[in-house]
Every structure is written in structure tokens, then in C-alpha cells.
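Undergrad: Please find run22.pdb (PDB, C-alpha atoms) on the next line:
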MODEL        1
ATOM      1  CA  MET A   1    -211.226  25.261 112.017
ATOM      2  CA  GLY A   2    -208.051  27.022 110.971
ATOM      3  CA  ARG A   3    -209.172  26.868 107.327
ATOM      4  CA  LEU A   4    -212.436  28.547 108.304
ATOM      5  CA  GLU A   5    -210.662  31.561 109.796
ATOM      6  CA  THR A   6    -208.779  32.300 106.567
ATOM      7  CA  ALA A   7    -211.529  31.436 104.074
ATOM      8  CA  ASP A   8    -214.031  34.210 103.545
ATOM      9  CA  LYS A   9    -216.455  33.263 100.780
ATOM     10  CA  GLN A  10    -216.108  29.513 101.228
ATOM     11  CA  SER A  11    -216.684  29.612 104.994
ATOM     12  CA  VAL A  12    -220.399  28.776 104.768
ATOM     13  CA  HIS A  13    -219.644  25.786 102.531
ATOM     14  CA  LEU A  14    -216.884  24.629 104.887
ATOM     15  CA  GLU A  15    -219.129  25.104 107.915
ATOM     16  CA  ASN A  16    -221.800  22.925 106.321
ATOM     17  CA  GLU A  17    -219.207  20.289 105.486
ATOM     18  CA  ILE A  18    -217.850  20.309 109.064
ATOM     19  CA  GLN A  19    -221.356  20.109 110.500
ATOM     20  CA  ALA A  20    -222.137  17.119 108.259
ATOM     21  CA  ASN A  21    -218.943  15.413 109.459
ATOM     22  CA  ILE A  22    -219.846  16.096 113.095
ATOM     23  CA  ASP A  23    -223.323  14.642 112.560
ATOM     24  CA  GLN A  24    -221.805  11.567 110.942
ATOM     25  CA  ILE A  25    -219.392  11.181 113.873
ATOM     26  CA  PHE A  26    -222.321  11.370 116.304
ATOM     27  CA  SER A  27    -224.140   8.598 114.449
ATOM     28  CA  HIS A  28    -220.969   6.478 114.532
ATOM     29  CA  LEU A  29    -220.618   7.174 118.259
ATOM     30  CA  GLU A  30    -224.158   5.929 118.866
ATOM     31  CA  ARG A  31    -223.255   2.741 117.033
ATOM     32  CA  LEU A  32    -220.044   2.485 119.107
ATOM     33  CA  GLU A  33    -222.044   2.927 122.289
ATOM     34  CA  ILE A  34    -224.268   0.007 121.327
ATOM     35  CA  LEU A  35    -221.230  -2.096 120.459
ATOM     36  CA  SER A  36    -219.479  -1.149 123.728
ATOM     37  CA  SER A  37    -222.420  -2.502 125.698
ATOM     38  CA  LYS A  38    -221.863  -5.873 123.949
ATOM     39  CA  GLU A  39    -218.221  -6.063 125.077
ATOM     40  CA  PRO A  40    -217.226  -8.583 127.742
ATOM     41  CA  PRO A  41    -217.741  -7.214 131.290
ATOM     42  CA  ASN A  42    -214.023  -6.739 131.985
ATOM     43  CA  LYS A  43    -213.602  -4.513 128.846
ATOM     44  CA  ARG A  44    -217.056  -2.885 128.876
ATOM     45  CA  GLN A  45    -216.247  -0.052 131.297
ATOM     46  CA  ASN A  46    -213.076   0.891 129.453
ATOM     47  CA  ALA A  47    -214.923   0.887 126.106
ATOM     48  CA  ARG A  48    -217.734   3.072 127.474
ATOM     49  CA  LEU A  49    -215.173   5.459 128.927
ATOM     50  CA  ARG A  50    -213.499   5.819 125.522
ATOM     51  CA  VAL A  51    -216.856   6.350 123.750
ATOM     52  CA  ASP A  52    -217.828   8.986 126.330
ATOM     53  CA  GLN A  53    -214.462  10.708 125.841
ATOM     54  CA  LEU A  54    -215.020  10.747 122.066
ATOM     55  CA  LYS A  55    -218.534  12.206 122.566
ATOM     56  CA  TYR A  56    -217.075  14.855 124.830
ATOM     57  CA  ASP A  57    -214.437  15.789 122.241
ATOM     58  CA  VAL A  58    -217.002  15.961 119.412
ATOM     59  CA  GLN A  59    -219.269  18.168 121.545
ATOM     60  CA  HIS A  60    -216.328  20.537 122.043
ATOM     61  CA  LEU A  61    -215.778  20.617 118.288
ATOM     62  CA  GLN A  62    -219.427  21.397 117.706
ATOM     63  CA  THR A  63    -219.291  24.190 120.321
ATOM     64  CA  ALA A  64    -216.194  25.606 118.626
ATOM     65  CA  LEU A  65    -218.039  25.560 115.288
ATOM     66  CA  ARG A  66    -221.016  27.392 116.803
ATOM     67  CA  ASN A  67    -218.677  29.984 118.342
ATOM     68  CA  PHE A  68    -217.036  30.519 114.978
ATOM     69  CA  GLN A  69    -220.441  30.885 113.292
ATOM     70  CA  HIS A  70    -221.442  33.444 115.886
ATOM     71  CA  ARG A  71    -218.204  35.422 115.407
ATOM     72  CA  ARG A  72    -218.679  35.330 111.628
ATOM     73  CA  TYR A  73    -222.267  36.513 111.973
ATOM     74  CA  THR A  74    -221.299  39.454 114.242
ATOM     75  CA  ARG A  75    -218.376  40.359 111.936
ATOM     76  CA  GLU A  76    -220.689  40.380 108.901
ATOM     77  CA  GLN A  77    -223.243  42.434 110.788
ATOM     78  CA  GLN A  78    -220.576  44.976 111.791
ATOM     79  CA  GLU A  79    -219.390  45.185 108.185
ATOM     80  CA  ARG A  80    -222.972  45.808 107.000
ATOM     81  CA  GLN A  81    -223.432  48.525 109.603
ATOM     82  CA  ARG A  82    -220.084  50.103 108.661
ATOM     83  CA  GLU A  83    -221.031  50.114 104.979
ATOM     84  CA  GLU A  84    -224.424  51.573 105.817
ATOM     85  CA  LEU A  85    -222.804  54.378 107.799
ATOM     86  CA  LEU A  86    -220.305  55.088 105.044
ATOM     87  CA  SER A  87    -222.993  55.230 102.365
ATOM     88  CA  ARG A  88    -225.381  57.324 104.445
ATOM     89  CA  THR A  89    -225.582  61.031 103.733
ATOM     90  CA  PHE A  90    -225.880  63.148 106.823
ATOM     91  CA  THR A  91    -228.095  66.209 106.954
ATOM     92  CA  THR A  92    -228.684  68.966 109.436
ATOM     93  CA  ASN A  93    -231.122  68.481 112.272
ATOM     94  CA  ASP A  94    -234.738  69.002 111.402
ATOM     95  CA  SER A  95    -237.167  71.089 113.435
ATOM     96  CA  ALA A  96    -238.319  68.075 115.463
ATOM     97  CA  THR A  97    -235.035  68.020 117.358
ATOM     98  CA  THR A  98    -234.850  71.724 118.182
ATOM     99  CA  ILE A  99    -235.460  72.892 121.715
ATOM    100  CA  PRO A 100    -238.245  75.455 122.134
ATOM    101  CA  MET A 101    -236.255  78.196 123.874
ATOM    102  CA  ASP A 102    -238.982  80.846 123.561
ATOM    103  CA  GLU A 103    -241.318  79.129 126.022
ATOM    104  CA  SER A 104    -238.521  78.483 128.524
ATOM    105  CA  LEU A 105    -237.265  82.042 128.201
ATOM    106  CA  GLN A 106    -240.757  83.457 128.682
ATOM    107  CA  PHE A 107    -241.333  81.259 131.736
ATOM    108  CA  ASN A 108    -237.996  82.336 133.235
ATOM    109  CA  SER A 109    -238.726  86.033 132.696
ATOM    110  CA  SER A 110    -242.195  85.571 134.265
ATOM    111  CA  LEU A 111    -240.597  83.996 137.318
ATOM    112  CA  GLN A 112    -238.143  86.873 137.584
ATOM    113  CA  ASN A 113    -240.984  89.412 137.336
ATOM    114  CA  ILE A 114    -242.869  87.604 140.107
ATOM    115  CA  HIS A 115    -239.710  87.552 142.219
ATOM    116  CA  HIS A 116    -239.220  91.310 141.786
ATOM    117  CA  GLY A 117    -242.916  91.910 142.520
ATOM    118  CA  MET A 118    -242.655  89.919 145.755
ATOM    119  CA  ASP A 119    -239.547  91.912 146.720
ATOM    120  CA  ASP A 120    -241.439  95.160 146.105
ATOM    121  CA  LEU A 121    -244.427  93.887 148.113
ATOM    122  CA  ILE A 122    -242.218  92.882 151.034
ATOM    123  CA  GLY A 123    -240.374  96.218 150.862
ATOM    124  CA  GLY A 124    -243.698  98.100 150.885
ATOM    125  CA  GLY A 125    -244.889  96.069 153.854
ATOM    126  CA  HIS A 126    -241.646  96.783 155.650
ATOM    127  CA  SER A 127    -241.990 100.539 155.089
ATOM    128  CA  ILE A 128    -245.629 100.413 156.288
ATOM    129  CA  LEU A 129    -244.509  98.534 159.380
ATOM    130  CA  GLU A 130    -241.837 101.137 160.083
ATOM    131  CA  GLY A 131    -244.400 103.887 159.635
ATOM    132  CA  LEU A 132    -246.783 102.170 162.045
ATOM    133  CA  ARG A 133    -244.012 101.750 164.602
ATOM    134  CA  SER A 134    -243.206 105.442 164.426
ATOM    135  CA  GLN A 135    -246.927 106.276 164.830
ATOM    136  CA  ARG A 136    -247.092 104.013 167.869
ATOM    137  CA  LEU A 137    -244.188 105.850 169.453
ATOM    138  CA  THR A 138    -245.926 109.133 168.721
ATOM    139  CA  LEU A 139    -249.169 107.865 170.301
ATOM    140  CA  LYS A 140    -247.349 106.573 173.377
ATOM    141  CA  VAL A 141    -245.752 109.973 173.925
ATOM    142  CA  GLY A 142    -249.210 111.532 174.004
ATOM    143  CA  ALA A 143    -249.928 113.221 170.730
ATOM    144  CA  LEU A 144    -253.583 112.056 170.896
ATOM    145  CA  PRO A 145    -254.720 112.545 174.477
ATOM    146  CA  GLY A 146    -258.173 111.101 175.397
ATOM    147  CA  ASP A 147    -259.692 110.835 171.935
ATOM    148  CA  ARG A 148    -261.595 107.498 171.786
ATOM    149  CA  GLU A 149    -262.000 107.407 168.017
ATOM    150  CA  LYS A 150    -258.356 108.001 167.475
ATOM    151  CA  ALA A 151    -257.472 105.408 170.104
ATOM    152  CA  SER A 152    -259.651 102.767 168.412
ATOM    153  CA  CYS A 153    -258.038 103.695 165.124
ATOM    154  CA  PHE A 154    -254.695 103.177 166.823
ATOM    155  CA  GLY A 155    -255.804  99.658 167.829
ATOM    156  CA  LEU A 156    -256.658  98.837 164.212
ATOM    157  CA  ILE A 157    -253.367 100.285 163.040
ATOM    158  CA  GLN A 158    -251.492  98.231 165.631
ATOM    159  CA  GLN A 159    -253.352  95.072 164.602
ATOM    160  CA  PHE A 160    -252.624  95.798 160.929
ATOM    161  CA  GLY A 161    -248.978  96.380 161.794
ATOM    162  CA  THR A 162    -248.813  92.990 163.500
ATOM    163  CA  CYS A 163    -250.253  91.328 160.380
ATOM    164  CA  VAL A 164    -247.741  93.084 158.139
ATOM    165  CA  TYR A 165    -244.919  92.108 160.517
ATOM    166  CA  VAL A 166    -246.002  88.455 160.366
ATOM    167  CA  LEU A 167    -246.107  88.638 156.560
ATOM    168  CA  VAL A 168    -242.642  90.158 156.381
ATOM    169  CA  THR A 169    -240.970  87.739 158.793
ATOM    170  CA  SER A 170    -242.658  84.450 157.803
ATOM    171  CA  PRO A 171    -241.772  82.408 154.685
ATOM    172  CA  GLN A 172    -243.899  83.251 151.659
ATOM    173  CA  ILE A 173    -245.846  80.823 149.496
ATOM    174  CA  VAL A 174    -247.012  82.119 146.137
ATOM    175  CA  ILE A 175    -249.798  80.283 144.333
ATOM    176  CA  LEU A 176    -250.018  81.039 140.631
TER
ENDMDL
END
Any chance you could put this one into C-alpha cells?
TA:
Amino acid sequence: MGRLETADKQSVHLENEIQANIDQIFSHLERLEILSSKEPPNKRQNARLRVDQLKYDVQHLQTALRNFQHRRYTREQQERQREELLSRTFTTNDSATTIPMDESLQFNSSLQNIHHGMDDLIGGGHSILEGLRSQRLTLKVGALPGDREKASCFGLIQQFGTCVYVLVTSPQIVIL
């Protein structure tokens, strides 16, 4: 395995050679397992234990070989990617990656215009409400004595003032 770490170009050939040796060892171990079952009963358990230990060791070698192959594969892949990045020519971003600021800017300015319009509408309603309150005080003092038409008009004005007051004090929902 140590030779594999240092060898670069020959590593595939060495890996194949090691794998062939491991396969040959496995076939010999199968033969040893058959022979260990033919041992006398007092030696049979010890022989099987040794064959199992050898199998265990060979499996560890095979796992180590697979780990090395995986490391070599990832190292080669990283080298390919590095070479690809070094040979790649970078360009500026094309129009597909630009952000359409005009639409966002237009939407934001529309929202600001609506906000200012709502402020103006609320301010106008507030001034109308103040005007209606001052008219109510004038009516209560007696500026319009006994006139039924004017009194009914006052009722409508008071009702309208209540509606405007509710609009000014309650939260607003704007549907576009």
C-alpha cells in the first residue's frame, strides 16, 4: 500500500496486481477452510479460528485498497476540476443574470404615491370633520332657530361627520 501512495502513473497497474493477489488469497482461504474441517476434532477449532483470522485480515486489506482507490478517484477528480477552472475564460455577466430594477422602482414609487394619496385623503377627512364639529357648535348655540329644513340638513351633516370620524380613526385597507 505504501508503494501505491508514491506511485502516480503505475498506481492502476499496482492496484490491479494487489486485487489479483487478494482474490488468490481468498481462493486459498476457501481451500484452507475445507482442509480445516478435515482436521482432527481437538485441532479443528484452532484451525478454523486461524482461517477466520486470516479472512478477517484479508478483508481489511481489501477495504484499505478500496479506500485508496476512492481517495485516488477524488484526487483525480479535483485535479480535473482545478485544470478546468484554470483553463476556463471568465466573462462578464450576461443579461439573464441582471435584476430588473425598473419594475421594482416603478412599483415602489407607485406605493409611495398611494401612501401620499391616502395621507391627503385622511387629512381632508380630518379637516371636514373639524369643520362639521364647528358647525355643530354653531347650531347648538342657536344660529338656526326653528328651521326644519336646516335642522334635517344638520342631521345629515352630523351623520356624515360620524362616518368621516370612523374612517379617520379606524385602520384602513386599500384594495388595488
Undergrad: Could you spell out the hits of the PyMOL selection byres ((chain A and resi 54) around 12) on the shown file, as a ChimeraX atom specification?
TA: /A:22,25-26,28-30,32-33,47-53,55-61
Undergrad: One decimal, Å: what's the distance from CA of Ser11 in chain A over to CA of Gln69 in chain A, could you say?
TA: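 Pair CA of Ser11 in chain A / CA of Gln69 in chain A returns 9.2 Å.
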Undergrad: My list of candidates is A:Ser104, A:Ser134, A:Gln81, A:Asn21. Which is closest to Leu65 in chain A when distances are computed with all atoms listed in the file?
TA: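 Counting all atoms listed in the file, the residue closest to Leu65 in chain A is A:Asn21.
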